[in-house]
Structures are given as C-alpha cells and as structure tokens.
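**Student:** Please see the structure below; I have some questions.
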Amino acid sequence: MHNRRMIYGYARVSSNGQDLAQQLAQLDAAGCTKVYREKISGGTAERPQLKRAIARSMRDVLMVTSPIVSPATRATC
C-alpha cells in the first residue's frame, strides 16, 4: 500500500484591510488540501492557526506563502 502525504497550507495577513486571496490561490495551485488562515499582526507571537497547521502536518507537508515568516513566527516553529 502506498501512503500519500497530505499537503497543508498556511496563509496570514496582518490586518483586516489585507486580502488572503493571492496566498490562497498560490496554496491551491500547489495542491494544498487544507489551508489554515489567520488575520493577525506580524508582531504577535501567538498564532493559533499556525500552531494547528504545524501540529496537523507533522507527518505530511506544510506549505506557507511569503512574507509571513517573521521573528515571532520563527519562535513558534
């Protein structure tokens, strides 16, 4: 039996005035089957959806779109 890895995605914008559409389109094109999304400041260390995405994808693949990686995000990983 061949096990296929699931591809999860994570998209974030830092304010309600920003749109996730471009990131979601990129993750969809990459074949993500589930995308975790947040609208939360880049300076905020607490990112519940990112933590869920990391936990869920431990044996699978997690794709993120740039420029979501910040010093606060690196501390989460």
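Residue numbers start at 1 in each chain; chains themselves are named A, B, ... in the order of the structure tokens; ligands are numbered from 1 in the order shown.
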Set the distance at 10 Å and use only C-alpha atoms: which residues neighbour A:Gly17 once local chain neighbours fewer than 3 positions away are removed? I'd like the list as a PyMOL selection string.
**Tutor:** chain A and resi 13-14+39
**Student:** Which distance in Å separates atom CA of A:Met6 and atom CA of A:Thr33, to one decimal?
**Tutor:**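 Those two atoms sit 6.8 Å apart.
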**Student:** Run DSSP on the backbone and tell me which residues of stretch 3-72 of chain A come out as strand (DSSP E); list them as a list of chain:residue names.
**Tutor:**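 Residues meeting the strand (DSSP E) criterion: A:Ile7, A:Tyr8, A:Gly9, A:Tyr10, A:Ala11, A:Arg12, A:Val13, A:Lys34, A:Val35, A:Tyr36, A:Arg37, A:Glu38, A:Lys39, A:Val61, A:Leu62, A:Met63, A:Val64.
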**Student:** Can you pull out every residue within 12 Å of A:Gly31, counting only C-alpha atoms, but drop anything in the same chain fewer than 5 positions away, and send it as a ChimeraX atom specification?
**Tutor:** /A:5-9,24-26,61-63
**Student:** Output N, CA and C atoms of each residue in that selection to a file, as a PDB file, in the first residue's frame.
**Tutor:**
ATOM      1  N   ARG A   5       1.179  11.608   1.069  1.00  0.00           N
ATOM      2  CA  ARG A   5       1.256  12.696   2.054  1.00  0.00           C
ATOM      3  C   ARG A   5       0.204  13.742   1.750  1.00  0.00           C
ATOM      4  N   MET A   6      -0.373  14.261   2.797  1.00  0.00           N
ATOM      5  CA  MET A   6      -1.314  15.375   2.676  1.00  0.00           C
ATOM      6  C   MET A   6      -0.490  16.652   2.584  1.00  0.00           C
ATOM      7  N   ILE A   7      -1.006  17.627   1.873  1.00  0.00           N
ATOM      8  CA  ILE A   7      -0.337  18.926   1.766  1.00  0.00           C
ATOM      9  C   ILE A   7      -1.236  19.957   2.440  1.00  0.00           C
ATOM     10  N   TYR A   8      -0.740  20.537   3.506  1.00  0.00           N
ATOM     11  CA  TYR A   8      -1.456  21.568   4.242  1.00  0.00           C
ATOM     12  C   TYR A   8      -0.837  22.917   3.911  1.00  0.00           C
ATOM     13  N   GLY A   9      -1.631  23.962   4.037  1.00  0.00           N
ATOM     14  CA  GLY A   9      -1.140  25.302   3.768  1.00  0.00           C
ATOM     15  C   GLY A   9      -1.421  26.233   4.927  1.00  0.00           C
ATOM     16  N   LEU A  24      -4.054  32.308  -0.967  1.00  0.00           N
ATOM     17  CA  LEU A  24      -4.919  31.132  -1.089  1.00  0.00           C
ATOM     18  C   LEU A  24      -4.828  30.534  -2.485  1.00  0.00           C
ATOM     19  N   ALA A  25      -4.757  31.390  -3.500  1.00  0.00           N
ATOM     20  CA  ALA A  25      -4.623  30.908  -4.876  1.00  0.00           C
ATOM     21  C   ALA A  25      -3.295  30.166  -5.059  1.00  0.00           C
ATOM     22  N   GLN A  26      -2.218  30.684  -4.468  1.00  0.00           N
ATOM     23  CA  GLN A  26      -0.913  30.027  -4.566  1.00  0.00           C
ATOM     24  C   GLN A  26      -0.930  28.668  -3.875  1.00  0.00           C
ATOM     25  N   VAL A  61       3.102  17.477   4.680  1.00  0.00           N
ATOM     26  CA  VAL A  61       3.795  18.636   4.134  1.00  0.00           C
ATOM     27  C   VAL A  61       3.037  19.896   4.532  1.00  0.00           C
ATOM     28  N   LEU A  62       3.748  20.920   4.996  1.00  0.00           N
ATOM     29  CA  LEU A  62       3.152  22.218   5.307  1.00  0.00           C
ATOM     30  C   LEU A  62       3.782  23.248   4.384  1.00  0.00           C
ATOM     31  N   MET A  63       2.946  23.914   3.606  1.00  0.00           N
ATOM     32  CA  MET A  63       3.418  24.966   2.705  1.00  0.00           C
ATOM     33  C   MET A  63       2.952  26.311   3.251  1.00  0.00           C
TER      34      MET A  63
END
**Student:** In Å, with one decimal, what is the gap from atom CA of A:Lys51 to atom CA of A:Ser15?
**Tutor:**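 Atom CA of A:Ser15 lies at a distance of 19.2 Å from atom CA of A:Lys51.
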**Student:** Contacts of A:Arg52 at 8 Å or less, counting only C-alpha atoms, minus same-chain residues fewer than 4 places along, as a PDB file with C-alpha atoms, in the first residue's frame?
**Tutor:**
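Result file is result-v6.pdb:
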ATOM      1  CA  TYR A  36      -5.156  27.282   7.812  1.00  0.00           C
ATOM      2  CA  PRO A  48      -3.259  29.578  16.921  1.00  0.00           C
ATOM      3  CA  ARG A  56      -1.514  18.597  11.843  1.00  0.00           C
TER       4      ARG A  56
END
**Student:** Calculate how many Å separate atom CA of A:Leu50 from atom CA of A:Lys34, rounding to one decimal.
**Tutor:**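 It comes out at 12.5 Å.
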**Student:** Please identify which residues in stretch 6-73 of chain A DSSP calls alpha helix (DSSP H) from the backbone, and express them as a PyMOL selection string.
**Tutor:** chain A and resi 21-29+48-56+71-73
**Student:** Output N, CA, C and O atoms of each residue in that selection to a file, as a PDB file, in the first residue's frame.
**Tutor:**
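The result, written out as part_6.pdb:
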ATOM      1  N   ALA A  21      -6.553  36.400  -0.691  1.00  0.00           N
ATOM      2  CA  ALA A  21      -6.871  35.766  -1.974  1.00  0.00           C
ATOM      3  C   ALA A  21      -5.627  35.291  -2.746  1.00  0.00           C
ATOM      4  O   ALA A  21      -5.609  34.161  -3.253  1.00  0.00           O
ATOM      5  N   GLN A  22      -4.607  36.112  -2.851  1.00  0.00           N
ATOM      6  CA  GLN A  22      -3.425  35.725  -3.614  1.00  0.00           C
ATOM      7  C   GLN A  22      -2.705  34.538  -2.964  1.00  0.00           C
ATOM      8  O   GLN A  22      -2.304  33.588  -3.643  1.00  0.00           O
ATOM      9  N   GLN A  23      -2.556  34.582  -1.652  1.00  0.00           N
ATOM     10  CA  GLN A  23      -1.909  33.475  -0.946  1.00  0.00           C
ATOM     11  C   GLN A  23      -2.732  32.191  -1.094  1.00  0.00           C
ATOM     12  O   GLN A  23      -2.170  31.116  -1.325  1.00  0.00           O
ATOM     13  N   LEU A  24      -4.054  32.308  -0.967  1.00  0.00           N
ATOM     14  CA  LEU A  24      -4.919  31.132  -1.089  1.00  0.00           C
ATOM     15  C   LEU A  24      -4.828  30.534  -2.485  1.00  0.00           C
ATOM     16  O   LEU A  24      -4.800  29.308  -2.648  1.00  0.00           O
ATOM     17  N   ALA A  25      -4.757  31.390  -3.500  1.00  0.00           N
ATOM     18  CA  ALA A  25      -4.623  30.908  -4.876  1.00  0.00           C
ATOM     19  C   ALA A  25      -3.295  30.166  -5.059  1.00  0.00           C
ATOM     20  O   ALA A  25      -3.252  29.116  -5.705  1.00  0.00           O
ATOM     21  N   GLN A  26      -2.218  30.684  -4.468  1.00  0.00           N
ATOM     22  CA  GLN A  26      -0.913  30.027  -4.566  1.00  0.00           C
ATOM     23  C   GLN A  26      -0.930  28.668  -3.875  1.00  0.00           C
ATOM     24  O   GLN A  26      -0.396  27.681  -4.401  1.00  0.00           O
ATOM     25  N   LEU A  27      -1.537  28.613  -2.710  1.00  0.00           N
ATOM     26  CA  LEU A  27      -1.596  27.352  -1.972  1.00  0.00           C
ATOM     27  C   LEU A  27      -2.486  26.339  -2.682  1.00  0.00           C
ATOM     28  O   LEU A  27      -2.168  25.147  -2.726  1.00  0.00           O
ATOM     29  N   ASP A  28      -3.568  26.804  -3.265  1.00  0.00           N
ATOM     30  CA  ASP A  28      -4.443  25.930  -4.040  1.00  0.00           C
ATOM     31  C   ASP A  28      -3.687  25.364  -5.247  1.00  0.00           C
ATOM     32  O   ASP A  28      -3.740  24.164  -5.528  1.00  0.00           O
ATOM     33  N   ALA A  29      -2.961  26.225  -5.943  1.00  0.00           N
ATOM     34  CA  ALA A  29      -2.187  25.793  -7.112  1.00  0.00           C
ATOM     35  C   ALA A  29      -1.097  24.793  -6.721  1.00  0.00           C
ATOM     36  O   ALA A  29      -0.720  23.939  -7.517  1.00  0.00           O
ATOM     37  N   PRO A  48      -2.576  30.866  16.722  1.00  0.00           N
ATOM     38  CA  PRO A  48      -3.259  29.578  16.921  1.00  0.00           C
ATOM     39  C   PRO A  48      -3.382  28.735  15.651  1.00  0.00           C
ATOM     40  O   PRO A  48      -3.203  27.520  15.699  1.00  0.00           O
ATOM     41  N   GLN A  49      -3.676  29.356  14.516  1.00  0.00           N
ATOM     42  CA  GLN A  49      -3.832  28.587  13.287  1.00  0.00           C
ATOM     43  C   GLN A  49      -2.500  28.032  12.791  1.00  0.00           C
ATOM     44  O   GLN A  49      -2.440  26.919  12.261  1.00  0.00           O
ATOM     45  N   LEU A  50      -1.415  28.771  12.980  1.00  0.00           N
ATOM     46  CA  LEU A  50      -0.098  28.268  12.605  1.00  0.00           C
ATOM     47  C   LEU A  50       0.261  27.058  13.463  1.00  0.00           C
ATOM     48  O   LEU A  50       0.755  26.054  12.966  1.00  0.00           O
ATOM     49  N   LYS A  51      -0.017  27.141  14.756  1.00  0.00           N
ATOM     50  CA  LYS A  51       0.253  26.009  15.647  1.00  0.00           C
ATOM     51  C   LYS A  51      -0.556  24.790  15.223  1.00  0.00           C
ATOM     52  O   LYS A  51      -0.040  23.668  15.207  1.00  0.00           O
ATOM     53  N   ARG A  52      -1.823  24.994  14.861  1.00  0.00           N
ATOM     54  CA  ARG A  52      -2.658  23.880  14.393  1.00  0.00           C
ATOM     55  C   ARG A  52      -2.081  23.276  13.110  1.00  0.00           C
ATOM     56  O   ARG A  52      -2.032  22.063  12.955  1.00  0.00           O
ATOM     57  N   ALA A  53      -1.668  24.149  12.200  1.00  0.00           N
ATOM     58  CA  ALA A  53      -1.116  23.677  10.927  1.00  0.00           C
ATOM     59  C   ALA A  53       0.156  22.858  11.149  1.00  0.00           C
ATOM     60  O   ALA A  53       0.338  21.804  10.541  1.00  0.00           O
ATOM     61  N   ILE A  54       1.027  23.330  12.020  1.00  0.00           N
ATOM     62  CA  ILE A  54       2.266  22.608  12.309  1.00  0.00           C
ATOM     63  C   ILE A  54       1.958  21.260  12.947  1.00  0.00           C
ATOM     64  O   ILE A  54       2.503  20.225  12.552  1.00  0.00           O
ATOM     65  N   ALA A  55       1.054  21.251  13.921  1.00  0.00           N
ATOM     66  CA  ALA A  55       0.698  20.007  14.599  1.00  0.00           C
ATOM     67  C   ALA A  55       0.067  19.006  13.630  1.00  0.00           C
ATOM     68  O   ALA A  55       0.375  17.817  13.662  1.00  0.00           O
ATOM     69  N   ARG A  56      -0.808  19.468  12.778  1.00  0.00           N
ATOM     70  CA  ARG A  56      -1.514  18.597  11.843  1.00  0.00           C
ATOM     71  C   ARG A  56      -0.588  18.037  10.769  1.00  0.00           C
ATOM     72  O   ARG A  56      -0.789  16.930  10.293  1.00  0.00           O
ATOM     73  N   PRO A  71      10.197  37.283  12.994  1.00  0.00           N
ATOM     74  CA  PRO A  71      10.838  36.780  14.215  1.00  0.00           C
ATOM     75  C   PRO A  71       9.832  36.075  15.138  1.00  0.00           C
ATOM     76  O   PRO A  71      10.165  35.055  15.727  1.00  0.00           O
ATOM     77  N   ALA A  72       8.603  36.566  15.222  1.00  0.00           N
ATOM     78  CA  ALA A  72       7.594  35.929  16.064  1.00  0.00           C
ATOM     79  C   ALA A  72       7.244  34.547  15.535  1.00  0.00           C
ATOM     80  O   ALA A  72       7.026  33.615  16.285  1.00  0.00           O
ATOM     81  N   THR A  73       7.181  34.395  14.218  1.00  0.00           N
ATOM     82  CA  THR A  73       6.862  33.095  13.611  1.00  0.00           C
ATOM     83  C   THR A  73       7.991  32.110  13.851  1.00  0.00           C
ATOM     84  O   THR A  73       7.750  30.956  14.172  1.00  0.00           O
TER      85      THR A  73
END
